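Participant: What follows is a structure written as structure tokens; I'll ask about it next.
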Amino acid sequence: MSTLLPAIEFRVNGASQLIHVSPMKRLLDVLREDLQLTGTKEGCGEGECGSCSVRMDGELVNSCMVPVVQAQGACIETVEGLACDAELHPLQKAFLDFGGAQCGICTPGMLMAATQLLAQNPHPSLAEIREGLAGNLCRCTGFIRIFDSVIEAMAANTNHATRQGGDAR
């Protein structure tokens with residue numbers, strides 16, 4: 001690691017990161033190679049399949065298309081950041097329980113896209129789920145199991161909020 005390269009600082013899954021890399025290195029490669037966060041996958045490398053989707057400052061991005069310099073000062077959330085205290089996120093659990101995860105290439109991107117969707121709309125219709133995941137391709141499941149997984153996670157979040165005495169809206 002050379003200090004001749006510019007320092008880029010950002011947060012990933014709540015942890016501060018300071019790295020010295022080429023500013024044009026893809027965020028995907030920095031996450032996988034430099035930070036050892038290998039959950040984010042490369043599918044097409046062209047921003048078409050969504051496998052590399054992460055949340056950057058609350059927006060869903062294809063990390064294969066983002067030069068790491070654009071992440072300067074940003075907050076990045078990867079699939080590794082979904083689980084909390086070794087407990088799976090409701091989406092992760094639903095993907096396991098309902099067969100939404102098959103070969104695993106698209107799964108991290110689907111989970112991040114579904115996370116983004118539910119953050120923006122906690123109670124999406126099936127049509128809104130289809131639209132929210134439209135930028136992510138899967139060649140294994142035919143999408144029905146993925147949609148069912150999101151619906152189940154949405155129900156689990158509603159049930160959890162109700163048990164906690166919170167507003168499920």
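Chain labels A, B, ... are given in the sequence in which chains occur in the structure tokens; within each chain residues are numbered consecutively from 1, and ligands are likewise numbered from 1 in the order shown.
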Which polymer residues have any atom within 8 Å of an atom of A:Met56, counting only C-alpha atoms, with same-chain residues fewer than 4 positions away left out, as an MDAnalysis selection string?

Facilitator: chainID A and resid 60:61 71 74:77

Participant: Put those residues in a file: N, CA, C and O atoms, as a compact mmCIF listing (two decimals), in the first residue's frame.

Facilitator:
# COMPACT_ATOMS: atom_id res chain seq x y z
N LEU A 60 -29.16 3.52 -3.96
CA LEU A 60 -28.68 2.28 -4.54
C LEU A 60 -27.78 2.59 -5.73
O LEU A 60 -28.18 3.36 -6.62
N VAL A 61 -26.57 2.03 -5.74
CA VAL A 61 -25.63 2.25 -6.85
C VAL A 61 -25.02 0.92 -7.26
O VAL A 61 -24.91 -0.01 -6.46
N ALA A 71 -16.67 8.03 -3.72
CA ALA A 71 -17.12 7.60 -2.39
C ALA A 71 -16.47 8.43 -1.28
O ALA A 71 -16.78 8.21 -0.11
N ALA A 74 -18.42 9.44 1.81
CA ALA A 74 -19.74 8.80 1.73
C ALA A 74 -19.91 7.73 2.80
O ALA A 74 -18.94 7.27 3.41
N CYS A 75 -21.15 7.35 2.99
CA CYS A 75 -21.51 6.21 3.85
C CYS A 75 -21.98 5.10 2.93
O CYS A 75 -22.96 5.26 2.20
N ILE A 76 -21.27 3.99 2.96
CA ILE A 76 -21.56 2.84 2.10
C ILE A 76 -22.15 1.73 2.96
O ILE A 76 -21.66 1.47 4.06
N GLU A 77 -23.18 1.08 2.46
CA GLU A 77 -23.73 -0.10 3.12
C GLU A 77 -23.67 -1.26 2.14
O GLU A 77 -24.18 -1.16 1.03

Participant: Compile the contact shell of A:Asp148 as a PyMOL selection string: residues with an atom at most 7 Å away, counting only C-alpha atoms, same-chain residues fewer than 4 positions apart removed.

Facilitator: chain A and resi 98+144+152

Participant: Enter the distance from atom CA of A:Gly39 to atom CA of A:Met65, in Å, rounded to one decimal.

Facilitator: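 Atom CA of A:Met65 lies 17.0 Å from atom CA of A:Gly39.
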
Participant: When you draw a straight line from atom CA of A:Ala101 to atom CA of A:Ser149, how long is it in Å?

Facilitator: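 Pair atom CA of A:Ala101 / atom CA of A:Ser149 returns 9.3 Å.
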
Participant: In terms of the shortest atom-to-atom distance over only C-alpha atoms, which of A:Val69, A:Glu80, A:Thr115, A:Ala15 is closest to A:Arg32?

Facilitator: A:Glu80

Participant: Among the residues of stretch 36-166 of chain A, find those DSSP assigns to alpha helix (DSSP H) from the backbone and print them as number ranges by chain.

Facilitator: A: 90-97, 107-120, 126-132, 144-163

Participant: Write out the residues from the selection above, keeping C-alpha atoms, as an mmCIF file, in the first residue's frame.

Facilitator:
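Saved result, selection_6.cif, follows:
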data_model
loop_
_atom_site.group_PDB
_atom_site.id
_atom_site.type_symbol
_atom_site.label_atom_id
_atom_site.label_comp_id
_atom_site.auth_asym_id
_atom_site.auth_seq_id
_atom_site.Cartn_x
_atom_site.Cartn_y
_atom_site.Cartn_z
ATOM 1 C CA PRO A 90 -35.440 -10.136 7.950
ATOM 2 C CA LEU A 91 -34.700 -9.959 4.214
ATOM 3 C CA GLN A 92 -31.761 -12.350 4.527
ATOM 4 C CA LYS A 93 -33.857 -14.773 6.556
ATOM 5 C CA ALA A 94 -36.748 -14.586 4.078
ATOM 6 C CA PHE A 95 -34.404 -15.200 1.136
ATOM 7 C CA LEU A 96 -33.186 -18.350 2.889
ATOM 8 C CA ASP A 97 -36.631 -19.526 3.963
ATOM 9 C CA THR A 107 -28.381 -12.369 -4.034
ATOM 10 C CA PRO A 108 -26.339 -9.563 -2.428
ATOM 11 C CA GLY A 109 -27.540 -7.065 -5.031
ATOM 12 C CA MET A 110 -31.134 -8.247 -4.691
ATOM 13 C CA LEU A 111 -30.903 -7.889 -0.912
ATOM 14 C CA MET A 112 -29.527 -4.362 -1.206
ATOM 15 C CA ALA A 113 -32.158 -3.376 -3.795
ATOM 16 C CA ALA A 114 -34.900 -4.814 -1.573
ATOM 17 C CA THR A 115 -33.430 -2.970 1.424
ATOM 18 C CA GLN A 116 -33.541 0.257 -0.565
ATOM 19 C CA LEU A 117 -37.103 -0.431 -1.694
ATOM 20 C CA LEU A 118 -38.361 -1.149 1.829
ATOM 21 C CA ALA A 119 -36.536 1.919 3.193
ATOM 22 C CA GLN A 120 -38.425 4.078 0.705
ATOM 23 C CA LEU A 126 -46.181 -6.652 -5.904
ATOM 24 C CA ALA A 127 -45.949 -4.247 -8.854
ATOM 25 C CA GLU A 128 -43.781 -1.890 -6.780
ATOM 26 C CA ILE A 129 -41.557 -4.790 -5.700
ATOM 27 C CA ARG A 130 -41.125 -5.805 -9.340
ATOM 28 C CA GLU A 131 -40.232 -2.227 -10.246
ATOM 29 C CA GLY A 132 -37.901 -1.814 -7.255
ATOM 30 C CA ILE A 144 -41.139 -15.394 -8.028
ATOM 31 C CA ARG A 145 -39.210 -16.712 -5.014
ATOM 32 C CA ILE A 146 -37.384 -13.409 -4.733
ATOM 33 C CA PHE A 147 -40.658 -11.453 -4.775
ATOM 34 C CA ASP A 148 -42.115 -13.869 -2.205
ATOM 35 C CA SER A 149 -39.050 -13.321 -0.020
ATOM 36 C CA VAL A 150 -39.515 -9.544 -0.074
ATOM 37 C CA ILE A 151 -43.217 -9.930 0.762
ATOM 38 C CA GLU A 152 -42.341 -12.206 3.694
ATOM 39 C CA ALA A 153 -39.684 -9.781 4.971
ATOM 40 C CA MET A 154 -42.188 -6.934 4.709
ATOM 41 C CA ALA A 155 -44.657 -8.961 6.810
ATOM 42 C CA ALA A 156 -41.922 -9.847 9.320
ATOM 43 C CA ASN A 157 -40.996 -6.163 9.677
ATOM 44 C CA THR A 158 -44.662 -5.273 10.228
ATOM 45 C CA ASN A 159 -45.067 -8.024 12.838
ATOM 46 C CA HIS A 160 -41.840 -6.979 14.568
ATOM 47 C CA ALA A 161 -42.914 -3.311 14.705
ATOM 48 C CA THR A 162 -46.322 -4.315 16.061
ATOM 49 C CA ARG A 163 -44.751 -6.484 18.804
#

Participant: Can you measure atom CA of A:Gly50 to atom CA of A:Gly142 for me? One decimal in Å is fine.

Facilitator: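 Here the two named atoms are 15.6 Å from each other.
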
Participant: Please provide the set of residues having any atom within 9 Å of A:Val68, restricted to only C-alpha atoms, with same-chain residues fewer than 3 positions apart removed, written as an mmCIF file with all heavy atoms, in the first residue's frame.

Facilitator:
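This went into around-v9.cif:
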data_model
loop_
_atom_site.group_PDB
_atom_site.id
_atom_site.type_symbol
_atom_site.label_atom_id
_atom_site.label_comp_id
_atom_site.auth_asym_id
_atom_site.auth_seq_id
_atom_site.Cartn_x
_atom_site.Cartn_y
_atom_site.Cartn_z
ATOM 1 N N ILE A 8 -8.312 8.176 0.467
ATOM 2 C CA ILE A 8 -9.754 8.280 0.292
ATOM 3 C C ILE A 8 -10.383 7.766 1.574
ATOM 4 O O ILE A 8 -10.062 6.677 2.046
ATOM 5 C CB ILE A 8 -10.227 7.497 -0.941
ATOM 6 C CG1 ILE A 8 -9.542 8.065 -2.181
ATOM 7 C CG2 ILE A 8 -11.749 7.554 -1.059
ATOM 8 C CD1 ILE A 8 -9.780 7.316 -3.455
ATOM 9 N N VAL A 21 -5.494 4.282 -2.620
ATOM 10 C CA VAL A 21 -5.666 3.546 -3.870
ATOM 11 C C VAL A 21 -5.815 4.544 -5.009
ATOM 12 O O VAL A 21 -6.059 5.734 -4.783
ATOM 13 C CB VAL A 21 -6.903 2.612 -3.842
ATOM 14 C CG1 VAL A 21 -6.767 1.525 -2.793
ATOM 15 C CG2 VAL A 21 -8.181 3.389 -3.638
ATOM 16 N N SER A 22 -5.716 4.034 -6.205
ATOM 17 C CA SER A 22 -5.964 4.869 -7.373
ATOM 18 C C SER A 22 -7.394 5.397 -7.288
ATOM 19 O O SER A 22 -8.327 4.631 -7.032
ATOM 20 C CB SER A 22 -5.802 4.053 -8.646
ATOM 21 O OG SER A 22 -6.293 4.778 -9.757
ATOM 22 N N PRO A 23 -7.591 6.692 -7.481
ATOM 23 C CA PRO A 23 -8.938 7.256 -7.368
ATOM 24 C C PRO A 23 -9.926 6.672 -8.380
ATOM 25 O O PRO A 23 -11.130 6.715 -8.163
ATOM 26 C CB PRO A 23 -8.747 8.750 -7.599
ATOM 27 C CG PRO A 23 -7.346 8.958 -7.985
ATOM 28 C CD PRO A 23 -6.589 7.700 -7.776
ATOM 29 N N MET A 24 -9.431 6.096 -9.461
ATOM 30 C CA MET A 24 -10.320 5.535 -10.474
ATOM 31 C C MET A 24 -10.581 4.043 -10.279
ATOM 32 O O MET A 24 -11.323 3.439 -11.054
ATOM 33 C CB MET A 24 -9.752 5.795 -11.872
ATOM 34 C CG MET A 24 -9.740 7.280 -12.238
ATOM 35 S SD MET A 24 -11.347 8.105 -11.982
ATOM 36 C CE MET A 24 -12.298 7.357 -13.277
ATOM 37 N N LYS A 25 -10.013 3.450 -9.235
ATOM 38 C CA LYS A 25 -10.300 2.044 -8.941
ATOM 39 C C LYS A 25 -11.795 1.937 -8.627
ATOM 40 O O LYS A 25 -12.363 2.788 -7.947
ATOM 41 C CB LYS A 25 -9.464 1.572 -7.754
ATOM 42 C CG LYS A 25 -9.551 0.096 -7.496
ATOM 43 C CD LYS A 25 -8.527 -0.359 -6.448
ATOM 44 C CE LYS A 25 -8.558 -1.859 -6.296
ATOM 45 N NZ LYS A 25 -7.509 -2.340 -5.370
ATOM 46 N N ARG A 26 -12.422 0.903 -9.129
ATOM 47 C CA ARG A 26 -13.861 0.737 -8.910
ATOM 48 C C ARG A 26 -14.153 0.485 -7.435
ATOM 49 O O ARG A 26 -13.425 -0.244 -6.756
ATOM 50 C CB ARG A 26 -14.414 -0.424 -9.725
ATOM 51 C CG ARG A 26 -14.218 -0.295 -11.206
ATOM 52 C CD ARG A 26 -14.807 -1.449 -11.976
ATOM 53 N NE ARG A 26 -14.361 -2.750 -11.465
ATOM 54 C CZ ARG A 26 -14.857 -3.913 -11.873
ATOM 55 N NH1 ARG A 26 -15.812 -3.954 -12.789
ATOM 56 N NH2 ARG A 26 -14.414 -5.043 -11.375
ATOM 57 N N LEU A 27 -15.239 1.068 -6.956
ATOM 58 C CA LEU A 27 -15.677 0.832 -5.585
ATOM 59 C C LEU A 27 -15.839 -0.660 -5.332
ATOM 60 O O LEU A 27 -15.463 -1.166 -4.270
ATOM 61 C CB LEU A 27 -16.982 1.581 -5.304
ATOM 62 C CG LEU A 27 -17.613 1.378 -3.932
ATOM 63 C CD1 LEU A 27 -16.670 1.806 -2.816
ATOM 64 C CD2 LEU A 27 -18.937 2.134 -3.844
ATOM 65 N N LEU A 28 -16.367 -1.395 -6.287
ATOM 66 C CA LEU A 28 -16.517 -2.848 -6.176
ATOM 67 C C LEU A 28 -15.186 -3.505 -5.825
ATOM 68 O O LEU A 28 -15.111 -4.340 -4.910
ATOM 69 C CB LEU A 28 -17.050 -3.423 -7.499
ATOM 70 C CG LEU A 28 -17.031 -4.940 -7.635
ATOM 71 C CD1 LEU A 28 -17.972 -5.591 -6.622
ATOM 72 C CD2 LEU A 28 -17.401 -5.351 -9.049
ATOM 73 N N ASP A 29 -14.124 -3.138 -6.521
ATOM 74 C CA ASP A 29 -12.818 -3.752 -6.288
ATOM 75 C C ASP A 29 -12.233 -3.344 -4.948
ATOM 76 O O ASP A 29 -11.590 -4.156 -4.271
ATOM 77 C CB ASP A 29 -11.858 -3.395 -7.431
ATOM 78 C CG ASP A 29 -12.346 -3.942 -8.765
ATOM 79 O OD1 ASP A 29 -12.931 -5.045 -8.787
ATOM 80 O OD2 ASP A 29 -12.163 -3.245 -9.782
ATOM 81 N N VAL A 30 -12.451 -2.105 -4.542
ATOM 82 C CA VAL A 30 -11.979 -1.655 -3.231
ATOM 83 C C VAL A 30 -12.677 -2.459 -2.130
ATOM 84 O O VAL A 30 -12.035 -2.938 -1.190
ATOM 85 C CB VAL A 30 -12.201 -0.138 -3.047
ATOM 86 C CG1 VAL A 30 -11.955 0.284 -1.601
ATOM 87 C CG2 VAL A 30 -11.297 0.641 -3.995
ATOM 88 N N SER A 63 -21.806 -0.694 -7.807
ATOM 89 C CA SER A 63 -20.436 -0.382 -7.376
ATOM 90 C C SER A 63 -19.404 -0.645 -8.463
ATOM 91 O O SER A 63 -18.298 -0.116 -8.387
ATOM 92 C CB SER A 63 -20.082 -1.145 -6.098
ATOM 93 O OG SER A 63 -20.098 -2.542 -6.312
ATOM 94 N N ALA A 71 -16.674 8.026 -3.719
ATOM 95 C CA ALA A 71 -17.119 7.596 -2.390
ATOM 96 C C ALA A 71 -16.473 8.426 -1.280
ATOM 97 O O ALA A 71 -16.782 8.213 -0.106
ATOM 98 C CB ALA A 71 -16.811 6.122 -2.187
ATOM 99 N N GLN A 72 -15.613 9.363 -1.631
ATOM 100 C CA GLN A 72 -14.960 10.207 -0.627
ATOM 101 C C GLN A 72 -16.021 10.839 0.279
ATOM 102 O O GLN A 72 -16.945 11.497 -0.186
ATOM 103 C CB GLN A 72 -14.133 11.304 -1.309
ATOM 104 C CG GLN A 72 -13.545 12.340 -0.375
ATOM 105 C CD GLN A 72 -12.480 11.765 0.553
ATOM 106 O OE1 GLN A 72 -11.699 10.914 0.185
ATOM 107 N NE2 GLN A 72 -12.476 12.227 1.796
#

Participant: Using only C-alpha atoms, which residue out of A:Leu35, A:Leu137, A:Ala7, A:Leu18 lies closest to A:Ser53?

Facilitator: A:Leu137

Participant: List every residue of chain A that DSSP, applied to the backbone, labels as strand (DSSP E or B), and write the result as a ChimeraX atom specification.

Facilitator: /A:7-12,15-20,26,53-56,59-62,67,75-77,84,87

Participant: For each of A:Leu37, A:Asn121, A:Leu133, A:Cys140, take the minimum atom-to-atom distance to A:Gly81, counting only C-alpha atoms, then give the residue where this is smallest.

Facilitator: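 With only C-alpha atoms as the atom set, the closest residue is A:Leu37.
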